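Single-structure report; data block below.
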Amino acid sequence: MNLFGTDTLVIEQPWGAGRHLFGTRYRTTALTEHGVPLATAADRKFLGPLRKLLRATGFSGRTVYDLAVTSPQGQVLLLVHKGAGKPPTRVSRPDGTPVGSVRREGRGSYALLDPGGRRLCGLTDVATFTPGALAKGANGRVRRDVLRLRPGTPEPVRSLALATALAFDVVRGIGTNHTSGGGFDFPTSA
């Protein structure tokens, strides 16, 4: 089983007081429903002092994010990049080939776009996302989100939906600062 071959992902993000107050690096882990690790999304580069400072504030969601989605063996599967401010979140293959992008359209609404910026569909057209159940994970307390893709979802929509779920807080504009409000704003049905 691999990231692109499963229709249900459980996505865990470390969750705790220290993480909320001082955490500046983004990291999520995708698992099967049975707890088998499939991928990790994490910052690719060193964060300079200014970016660390901004990510510890309410401006976290407006800073630059450069994430790599990697397999448990360390193979890069996807790259996810969001520039400063509120631009669409770009998704590309490991060789830099654009897959497309994700644009927040409004509260709880996300458009999946092709590399030229044309709308392919809305995320809820191809997936159901259930955010935010707090649970005990292997390494402490986690927020556990669940993504259920419609079986047979074609590329590039599948990769864009996976990237959206793995980088959900980046796509929705919260980033690493969970003390600034924002709440969950994702519809729970497809």
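We label chains A, B, ... in the order they appear in the structure tokens, count residues from 1 in each chain, and number ligands from 1 in the order shown.
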
Might you pull out every residue within 9 Å of region 101-117 of chain A, with only C-alpha atoms counted and same-chain residues fewer than 4 positions away left off, and present them as a short mmCIF file (atom, residue, chain, number, x, y, z; two decimals) with all heavy atoms, in the first residue's frame?
```
data_model
loop_
_atom_site.label_atom_id
_atom_site.label_comp_id
_atom_site.auth_asym_id
_atom_site.auth_seq_id
_atom_site.Cartn_x
_atom_site.Cartn_y
_atom_site.Cartn_z
N VAL A 80 5.05 20.78 -1.89
CA VAL A 80 3.95 21.71 -1.64
C VAL A 80 4.56 23.05 -1.26
O VAL A 80 5.39 23.13 -0.36
CB VAL A 80 3.04 21.19 -0.48
CG1 VAL A 80 1.91 22.16 -0.22
CG2 VAL A 80 2.52 19.79 -0.79
N LYS A 86 -1.50 35.41 0.71
CA LYS A 86 -2.59 34.45 0.50
C LYS A 86 -2.63 33.89 -0.92
O LYS A 86 -3.71 33.76 -1.51
CB LYS A 86 -3.93 35.13 0.80
CG LYS A 86 -4.13 35.50 2.24
CD LYS A 86 -5.52 36.06 2.43
CE LYS A 86 -5.82 36.35 3.87
NZ LYS A 86 -7.19 36.79 4.08
N PRO A 87 -1.50 33.52 -1.51
CA PRO A 87 -1.56 32.95 -2.86
C PRO A 87 -2.05 31.51 -2.81
O PRO A 87 -2.09 30.89 -1.75
CB PRO A 87 -0.10 33.01 -3.32
CG PRO A 87 0.66 32.78 -2.07
CD PRO A 87 -0.14 33.54 -1.01
N PRO A 88 -2.44 30.95 -3.98
CA PRO A 88 -2.77 29.52 -4.00
C PRO A 88 -1.56 28.69 -3.56
O PRO A 88 -0.41 29.11 -3.72
CB PRO A 88 -3.10 29.25 -5.47
CG PRO A 88 -3.44 30.59 -6.05
CD PRO A 88 -2.61 31.58 -5.28
N THR A 89 -1.83 27.52 -3.01
CA THR A 89 -0.78 26.60 -2.61
C THR A 89 -0.45 25.74 -3.82
O THR A 89 -1.33 25.06 -4.36
CB THR A 89 -1.25 25.73 -1.42
OG1 THR A 89 -1.63 26.60 -0.35
CG2 THR A 89 -0.16 24.79 -0.96
N ARG A 90 0.81 25.77 -4.27
CA ARG A 90 1.23 25.02 -5.46
C ARG A 90 1.69 23.62 -5.08
O ARG A 90 2.33 23.44 -4.05
CB ARG A 90 2.35 25.76 -6.17
CG ARG A 90 1.93 27.11 -6.71
CD ARG A 90 3.00 27.76 -7.59
NE ARG A 90 4.35 27.57 -7.13
CZ ARG A 90 5.06 28.43 -6.40
NH1 ARG A 90 4.51 29.56 -6.02
NH2 ARG A 90 6.30 28.17 -6.06
N VAL A 91 1.40 22.66 -5.94
CA VAL A 91 1.80 21.27 -5.75
C VAL A 91 2.57 20.84 -6.99
O VAL A 91 2.15 21.12 -8.11
CB VAL A 91 0.57 20.36 -5.54
CG1 VAL A 91 0.99 18.91 -5.32
CG2 VAL A 91 -0.28 20.87 -4.36
N SER A 92 3.70 20.15 -6.78
CA SER A 92 4.49 19.67 -7.91
C SER A 92 5.07 18.29 -7.62
O SER A 92 5.07 17.83 -6.48
CB SER A 92 5.62 20.66 -8.25
OG SER A 92 6.48 20.83 -7.16
N CYS A 121 -12.06 21.16 -10.05
CA CYS A 121 -13.22 20.83 -9.23
C CYS A 121 -13.01 21.41 -7.83
O CYS A 121 -11.94 21.94 -7.53
CB CYS A 121 -13.42 19.31 -9.13
SG CYS A 121 -12.07 18.43 -8.33
N GLY A 122 -14.00 21.27 -7.00
CA GLY A 122 -13.86 21.62 -5.60
C GLY A 122 -13.40 20.38 -4.83
O GLY A 122 -13.67 19.25 -5.25
N LEU A 123 -12.73 20.57 -3.74
CA LEU A 123 -12.24 19.44 -2.96
C LEU A 123 -13.40 18.55 -2.50
O LEU A 123 -13.30 17.33 -2.54
CB LEU A 123 -11.42 19.92 -1.76
CG LEU A 123 -10.78 18.84 -0.91
CD1 LEU A 123 -9.85 17.96 -1.74
CD2 LEU A 123 -10.02 19.46 0.24
N THR A 124 -14.51 19.16 -2.11
CA THR A 124 -15.64 18.35 -1.63
C THR A 124 -16.34 17.59 -2.76
O THR A 124 -17.18 16.74 -2.49
CB THR A 124 -16.66 19.21 -0.87
OG1 THR A 124 -17.09 20.27 -1.71
CG2 THR A 124 -16.07 19.75 0.42
N PRO A 156 -4.74 14.74 -12.07
CA PRO A 156 -3.97 15.24 -10.94
C PRO A 156 -4.83 15.57 -9.72
O PRO A 156 -4.31 15.98 -8.69
CB PRO A 156 -3.34 16.52 -11.49
CG PRO A 156 -4.38 17.05 -12.43
CD PRO A 156 -4.99 15.82 -13.07
N VAL A 157 -6.15 15.36 -9.82
CA VAL A 157 -7.06 15.70 -8.73
C VAL A 157 -6.69 14.92 -7.46
O VAL A 157 -6.67 15.47 -6.36
CB VAL A 157 -8.52 15.45 -9.14
CG1 VAL A 157 -9.46 15.62 -7.96
CG2 VAL A 157 -8.92 16.41 -10.26
N LEU A 160 -3.65 16.50 -5.80
CA LEU A 160 -4.01 17.79 -5.22
C LEU A 160 -4.82 17.62 -3.93
O LEU A 160 -4.60 18.32 -2.95
CB LEU A 160 -4.79 18.63 -6.23
CG LEU A 160 -3.99 19.12 -7.44
CD1 LEU A 160 -4.92 19.70 -8.50
CD2 LEU A 160 -2.94 20.12 -7.02
N ALA A 161 -5.74 16.66 -3.91
CA ALA A 161 -6.53 16.40 -2.71
C ALA A 161 -5.65 15.87 -1.58
O ALA A 161 -5.79 16.28 -0.43
CB ALA A 161 -7.65 15.41 -3.02
N ALA A 163 -2.40 16.41 -1.18
CA ALA A 163 -1.57 17.53 -0.72
C ALA A 163 -2.37 18.49 0.15
O ALA A 163 -1.88 18.99 1.16
CB ALA A 163 -0.96 18.26 -1.91
N THR A 164 -3.63 18.74 -0.21
CA THR A 164 -4.49 19.62 0.58
C THR A 164 -4.67 19.08 1.98
O THR A 164 -4.56 19.81 2.97
CB THR A 164 -5.86 19.81 -0.10
OG1 THR A 164 -5.66 20.35 -1.41
CG2 THR A 164 -6.76 20.72 0.71
N VAL A 171 -2.83 25.38 3.71
CA VAL A 171 -3.81 25.73 2.68
C VAL A 171 -4.89 26.64 3.23
O VAL A 171 -5.28 27.62 2.59
CB VAL A 171 -4.43 24.45 2.07
CG1 VAL A 171 -5.60 24.79 1.16
CG2 VAL A 171 -3.39 23.63 1.34
N ARG A 172 -5.37 26.38 4.45
CA ARG A 172 -6.45 27.19 5.00
C ARG A 172 -5.96 28.49 5.64
O ARG A 172 -6.75 29.29 6.11
CB ARG A 172 -7.30 26.39 5.98
CG ARG A 172 -6.64 26.09 7.29
CD ARG A 172 -7.58 25.23 8.15
NE ARG A 172 -6.99 24.94 9.43
CZ ARG A 172 -7.60 25.11 10.58
NH1 ARG A 172 -8.82 25.56 10.62
NH2 ARG A 172 -6.98 24.82 11.70
N GLY A 173 -4.64 28.70 5.68
CA GLY A 173 -4.10 29.98 6.14
C GLY A 173 -3.82 30.08 7.62
O GLY A 173 -3.66 31.18 8.13
N PHE A 184 -11.92 25.23 12.85
CA PHE A 184 -12.06 24.35 11.70
C PHE A 184 -13.14 24.91 10.81
O PHE A 184 -14.21 25.28 11.26
CB PHE A 184 -12.42 22.93 12.18
CG PHE A 184 -11.31 22.31 12.97
CD1 PHE A 184 -11.49 21.99 14.30
CD2 PHE A 184 -10.08 22.09 12.40
CE1 PHE A 184 -10.47 21.44 15.04
CE2 PHE A 184 -9.05 21.53 13.13
CZ PHE A 184 -9.25 21.21 14.45
N ASP A 185 -12.85 24.96 9.53
CA ASP A 185 -13.79 25.57 8.61
C ASP A 185 -14.03 24.69 7.41
O ASP A 185 -14.36 25.16 6.34
CB ASP A 185 -13.28 26.94 8.16
CG ASP A 185 -11.96 26.85 7.40
OD1 ASP A 185 -11.37 25.78 7.35
OD2 ASP A 185 -11.57 27.87 6.84
N PHE A 186 -13.88 23.40 7.55
CA PHE A 186 -14.00 22.51 6.42
C PHE A 186 -15.31 21.75 6.50
O PHE A 186 -15.62 21.16 7.50
CB PHE A 186 -12.83 21.53 6.42
CG PHE A 186 -12.63 20.88 5.10
CD1 PHE A 186 -11.83 21.44 4.15
CD2 PHE A 186 -13.30 19.70 4.81
CE1 PHE A 186 -11.66 20.83 2.93
CE2 PHE A 186 -13.13 19.09 3.60
CZ PHE A 186 -12.31 19.65 2.64
N PRO A 187 -16.10 21.74 5.43
CA PRO A 187 -17.32 20.98 5.44
C PRO A 187 -17.00 19.49 5.59
O PRO A 187 -16.00 19.03 5.09
CB PRO A 187 -17.97 21.26 4.08
CG PRO A 187 -17.07 22.14 3.35
CD PRO A 187 -15.88 22.44 4.19
#
```

### Message
I need the helix (DSSP H, G or I) residues of region 11-160 of chain A per DSSP on the backbone, written as a list in words.
### Response
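DSSP-assigned helix (DSSP H, G or I) residues in region 11-160 of chain A: Ala17, Gly18, Arg19, His20, Leu21, Phe22, Pro49, Leu50, Arg51, Lys52, Leu53, Leu54, Arg55, Ser60, Gly61, Arg62, Leu123, Thr124, Asp125, Val126, Val157, Arg158, Ser159 and Leu160 of chain A.
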
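Nearest residue to Thr6 (chain A), choosing from A:Val126, A:Val76, A:Leu149, A:Leu67 and counting only C-alpha atoms: A:Leu149.
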
### Task
Mind checking which residues fall within 12 Å of Leu79 (chain A), counting only C-alpha atoms, ignoring those fewer than 6 positions away in the same chain, and posting them as a ChimeraX atom specification?
/A:40-44,65-70,89-101,159-160,162-164,166-167
